[in-house]
file entry.cif (mmCIF, N, CA, C and O atoms)
data_model
#
loop_
_atom_site.label_atom_id
_atom_site.label_comp_id
_atom_site.auth_asym_id
_atom_site.auth_seq_id
_atom_site.Cartn_x
_atom_site.Cartn_y
_atom_site.Cartn_z
N MET A 1 0.81 -1.18 0.00
CA MET A 1 0.00 0.00 0.00
C MET A 1 0.86 1.26 0.00
O MET A 1 0.50 2.23 -0.63
N GLN A 2 1.98 1.20 0.74
CA GLN A 2 2.83 2.39 0.76
C GLN A 2 3.38 2.68 -0.63
O GLN A 2 3.45 3.84 -1.04
N ALA A 3 3.73 1.65 -1.37
CA ALA A 3 4.25 1.86 -2.73
C ALA A 3 3.20 2.51 -3.61
O ALA A 3 3.51 3.39 -4.41
N LEU A 4 1.95 2.10 -3.47
CA LEU A 4 0.87 2.70 -4.24
C LEU A 4 0.67 4.16 -3.84
O LEU A 4 0.54 5.04 -4.69
N ALA A 5 0.69 4.42 -2.53
CA ALA A 5 0.48 5.79 -2.05
C ALA A 5 1.61 6.72 -2.48
O ALA A 5 1.36 7.83 -2.95
N THR A 6 2.85 6.27 -2.35
CA THR A 6 3.97 7.13 -2.69
C THR A 6 4.25 7.16 -4.18
O THR A 6 4.87 8.09 -4.68
N GLY A 7 3.75 6.16 -4.90
CA GLY A 7 3.95 6.12 -6.35
C GLY A 7 2.79 6.75 -7.09
O GLY A 7 2.83 7.93 -7.47
N ALA A 8 1.72 5.99 -7.26
CA ALA A 8 0.58 6.45 -8.05
C ALA A 8 -0.12 7.67 -7.46
O ALA A 8 -0.58 8.54 -8.20
N LEU A 9 -0.17 7.75 -6.14
CA LEU A 9 -0.86 8.88 -5.52
C LEU A 9 0.06 10.09 -5.35
O LEU A 9 -0.41 11.20 -5.15
N GLY A 10 1.36 9.85 -5.37
CA GLY A 10 2.31 10.95 -5.22
C GLY A 10 2.45 11.46 -3.80
O GLY A 10 2.92 12.57 -3.57
N TRP A 11 2.03 10.64 -2.82
CA TRP A 11 2.13 11.06 -1.42
C TRP A 11 3.57 10.89 -0.93
O TRP A 11 4.29 10.00 -1.39
N SER A 12 3.96 11.70 0.03
CA SER A 12 5.24 11.50 0.70
C SER A 12 5.06 10.35 1.69
O SER A 12 3.92 10.05 2.10
N PRO A 13 6.15 9.69 2.10
CA PRO A 13 6.01 8.65 3.12
C PRO A 13 5.35 9.19 4.40
O PRO A 13 4.54 8.51 5.02
N GLN A 14 5.67 10.42 4.76
CA GLN A 14 5.08 11.02 5.96
C GLN A 14 3.56 11.14 5.81
O GLN A 14 2.82 10.84 6.75
N THR A 15 3.09 11.55 4.64
CA THR A 15 1.65 11.65 4.41
C THR A 15 1.01 10.28 4.51
O THR A 15 -0.05 10.13 5.12
N PHE A 16 1.65 9.27 3.92
CA PHE A 16 1.11 7.92 4.00
C PHE A 16 0.96 7.47 5.44
O PHE A 16 -0.10 6.99 5.85
N TRP A 17 2.01 7.61 6.24
CA TRP A 17 1.98 7.11 7.61
C TRP A 17 1.04 7.90 8.51
O TRP A 17 0.58 7.39 9.53
N ARG A 18 0.72 9.12 8.15
CA ARG A 18 -0.21 9.93 8.95
C ARG A 18 -1.65 9.79 8.49
O ARG A 18 -2.56 10.30 9.13
N SER A 19 -1.87 9.13 7.37
CA SER A 19 -3.22 9.00 6.83
C SER A 19 -3.98 7.89 7.55
O SER A 19 -3.40 6.99 8.15
N THR A 20 -5.30 7.98 7.46
CA THR A 20 -6.15 6.92 7.98
C THR A 20 -6.50 5.97 6.84
O THR A 20 -6.36 6.32 5.66
N TRP A 21 -6.98 4.80 7.19
CA TRP A 21 -7.37 3.84 6.15
C TRP A 21 -8.46 4.42 5.25
O TRP A 21 -8.35 4.30 4.02
N PRO A 22 -9.51 5.06 5.80
CA PRO A 22 -10.53 5.64 4.90
C PRO A 22 -9.96 6.71 3.96
O PRO A 22 -10.38 6.81 2.80
N GLU A 23 -9.00 7.50 4.43
CA GLU A 23 -8.38 8.49 3.55
C GLU A 23 -7.62 7.82 2.42
O GLU A 23 -7.70 8.26 1.26
N LEU A 24 -6.89 6.77 2.74
CA LEU A 24 -6.14 6.05 1.72
C LEU A 24 -7.09 5.39 0.72
O LEU A 24 -6.88 5.46 -0.49
N GLU A 25 -8.15 4.76 1.21
CA GLU A 25 -9.13 4.14 0.33
C GLU A 25 -9.73 5.17 -0.63
O GLU A 25 -9.88 4.91 -1.82
N ALA A 26 -10.12 6.33 -0.08
CA ALA A 26 -10.73 7.37 -0.91
C ALA A 26 -9.75 7.88 -1.96
O ALA A 26 -10.13 8.11 -3.12
N ALA A 27 -8.49 8.05 -1.60
CA ALA A 27 -7.49 8.52 -2.55
C ALA A 27 -7.24 7.50 -3.65
O ALA A 27 -7.14 7.85 -4.82
N ILE A 28 -7.18 6.23 -3.28
CA ILE A 28 -6.98 5.17 -4.27
C ILE A 28 -8.18 5.11 -5.23
O ILE A 28 -8.00 5.07 -6.45
N GLU A 29 -9.37 5.15 -4.67
CA GLU A 29 -10.56 5.10 -5.52
C GLU A 29 -10.62 6.32 -6.44
O GLU A 29 -10.96 6.20 -7.62
N GLY A 30 -10.28 7.48 -5.90
CA GLY A 30 -10.30 8.69 -6.71
C GLY A 30 -9.29 8.65 -7.85
O GLY A 30 -9.56 9.12 -8.95
N ARG A 31 -8.11 8.09 -7.60
CA ARG A 31 -7.06 8.05 -8.62
C ARG A 31 -7.27 6.93 -9.63
O ARG A 31 -7.07 7.10 -10.82
N THR A 32 -7.67 5.75 -9.14
CA THR A 32 -7.73 4.58 -10.02
C THR A 32 -9.14 4.21 -10.47
O THR A 32 -9.30 3.45 -11.42
N GLY A 33 -10.14 4.70 -9.74
CA GLY A 33 -11.51 4.30 -10.03
C GLY A 33 -11.85 2.93 -9.47
O GLY A 33 -12.92 2.41 -9.71
N LYS A 34 -10.91 2.36 -8.71
CA LYS A 34 -11.13 1.04 -8.12
C LYS A 34 -11.16 1.15 -6.60
O LYS A 34 -10.40 1.91 -6.02
N ARG A 35 -12.03 0.38 -5.99
CA ARG A 35 -12.07 0.32 -4.53
C ARG A 35 -10.94 -0.60 -4.06
O ARG A 35 -10.49 -1.46 -4.80
N THR A 36 -10.49 -0.42 -2.82
CA THR A 36 -9.37 -1.22 -2.34
C THR A 36 -9.70 -2.71 -2.34
O THR A 36 -8.82 -3.53 -2.49
N LYS A 37 -10.97 -3.05 -2.20
CA LYS A 37 -11.31 -4.48 -2.25
C LYS A 37 -10.99 -5.06 -3.62
O LYS A 37 -10.80 -6.25 -3.77
N ASP A 38 -10.93 -4.21 -4.65
CA ASP A 38 -10.54 -4.67 -5.98
C ASP A 38 -9.03 -4.80 -6.12
O ASP A 38 -8.53 -5.43 -7.03
N ILE A 39 -8.30 -4.16 -5.22
CA ILE A 39 -6.84 -4.12 -5.32
C ILE A 39 -6.19 -5.20 -4.45
O ILE A 39 -5.28 -5.88 -4.87
N ILE A 40 -6.68 -5.36 -3.23
CA ILE A 40 -6.10 -6.37 -2.33
C ILE A 40 -7.23 -7.19 -1.70
O ILE A 40 -8.13 -6.64 -1.08
N THR A 41 -7.16 -8.46 -1.90
CA THR A 41 -8.18 -9.37 -1.37
C THR A 41 -7.78 -9.81 0.03
O THR A 41 -6.60 -9.72 0.41
N PRO A 42 -8.72 -10.31 0.82
CA PRO A 42 -8.37 -10.84 2.13
C PRO A 42 -7.31 -11.94 2.04
O PRO A 42 -6.43 -12.04 2.89
N GLU A 43 -7.38 -12.73 0.98
CA GLU A 43 -6.39 -13.81 0.81
C GLU A 43 -5.00 -13.23 0.59
O GLU A 43 -4.01 -13.72 1.14
N ARG A 44 -4.92 -12.17 -0.21
CA ARG A 44 -3.62 -11.53 -0.46
C ARG A 44 -3.10 -10.88 0.82
O ARG A 44 -1.90 -10.96 1.10
N ALA A 45 -3.97 -10.27 1.60
CA ALA A 45 -3.56 -9.67 2.87
C ALA A 45 -3.01 -10.74 3.81
O ALA A 45 -2.00 -10.52 4.48
N ALA A 46 -3.66 -11.89 3.86
CA ALA A 46 -3.17 -12.99 4.70
C ALA A 46 -1.82 -13.49 4.22
O ALA A 46 -0.93 -13.79 5.03
N GLU A 47 -1.64 -13.57 2.91
CA GLU A 47 -0.35 -14.00 2.36
C GLU A 47 0.76 -13.01 2.74
O GLU A 47 1.85 -13.41 3.14
N ILE A 48 0.47 -11.73 2.63
CA ILE A 48 1.45 -10.71 3.00
C ILE A 48 1.79 -10.84 4.48
O ILE A 48 2.97 -10.78 4.87
N ALA A 49 0.78 -11.03 5.31
CA ALA A 49 1.00 -11.15 6.76
C ALA A 49 1.87 -12.37 7.09
O ALA A 49 2.70 -12.31 7.99
N ARG A 50 1.69 -13.46 6.35
CA ARG A 50 2.51 -14.65 6.59
C ARG A 50 3.98 -14.37 6.30
O ARG A 50 4.88 -14.88 6.97
N HIS A 51 4.25 -13.57 5.28
CA HIS A 51 5.63 -13.28 4.90
C HIS A 51 6.25 -12.15 5.71
O HIS A 51 7.46 -11.95 5.67
N HIS A 52 5.42 -11.41 6.43
CA HIS A 52 5.90 -10.28 7.23
C HIS A 52 5.28 -10.34 8.62
O HIS A 52 4.37 -9.57 8.94
N PRO A 53 5.75 -11.27 9.44
CA PRO A 53 5.15 -11.43 10.76
C PRO A 53 5.40 -10.19 11.63
O PRO A 53 6.30 -9.39 11.35
N PRO A 54 4.60 -10.02 12.67
CA PRO A 54 4.76 -8.88 13.57
C PRO A 54 6.18 -8.85 14.16
O PRO A 54 6.74 -9.91 14.47
N THR A 55 6.71 -7.68 14.27
CA THR A 55 8.02 -7.50 14.90
C THR A 55 7.93 -6.39 15.92
O THR A 55 7.03 -5.56 15.88
N LYS A 56 8.88 -6.37 16.81
CA LYS A 56 8.92 -5.35 17.84
C LYS A 56 9.24 -4.00 17.17
O LYS A 56 10.09 -3.91 16.31
N SER A 57 8.55 -2.98 17.62
CA SER A 57 8.76 -1.65 17.08
C SER A 57 10.15 -1.14 17.43
O SER A 57 10.69 -1.46 18.49
N ILE A 58 10.72 -0.32 16.54
CA ILE A 58 12.03 0.25 16.84
C ILE A 58 11.90 1.55 17.63
O ILE A 58 12.89 2.14 18.02
N ARG A 59 10.68 1.97 17.86
CA ARG A 59 10.45 3.20 18.61
C ARG A 59 10.57 2.99 20.08
O ARG A 59 10.32 2.11 20.70
#
call {"tool": "encode", "arguments": {"input": "entry.cif", "output": "structure tokens"}}
result
Amino acid sequence: MQALATGALGWSPQTFWRSTWPELEAAIEGRTGKRTKDIITPERAAEIARHHPPTKSIR
């Protein structure tokens, strides 16, 4: 999602990380005409989560 926001949407990384999910969804739909459910399925989200397990924050 960050790649889409910083690429196609032209957002800075700071804008991406400060945005809410509804803001990101609205921006994606406005730019592409597609809703996020058309872009990432629950199955794809689960696959991503399997490859990127939770880690301790560096903060």
call {"tool": "atom_distance", "arguments": {"input": "entry.cif", "atom1": "CA of Arg59 (chain A)", "atom2": "CA of Glu47 (chain A)"}}
result
26.0 Å
call {"tool": "atom_distance", "arguments": {"input": "entry.cif", "atom1": "atom N of Ser19 (chain A)", "atom2": "atom C of Leu4 (chain A)"}}
result
12.5 Å
call {"tool": "atom_distance", "arguments": {"input": "entry.cif", "atom1": "atom O of Ile40 (chain A)", "atom2": "atom O of Ser12 (chain A)"}}
result
20.8 Å
call {"tool": "residues_around", "arguments": {"input": "entry.cif", "residues": "region 7-11 of chain A", "least_positions_apart": "6", "cutoff": "12 Å", "atoms": "only C-alpha atoms", "output": "ChimeraX atom specification"}}
result
/A:1,17-19,23-32
call {"tool": "axis_aligned_box", "arguments": {"input": "entry.cif", "around": "region 38-57 of chain A", "padding_each_side": "8 Å", "output": "JSON"}}
result
{"center_x": -0.1, "center_y": -8.0, "center_z": 5.7, "size_x": 37.6, "size_y": 29.7, "size_z": 41.5}
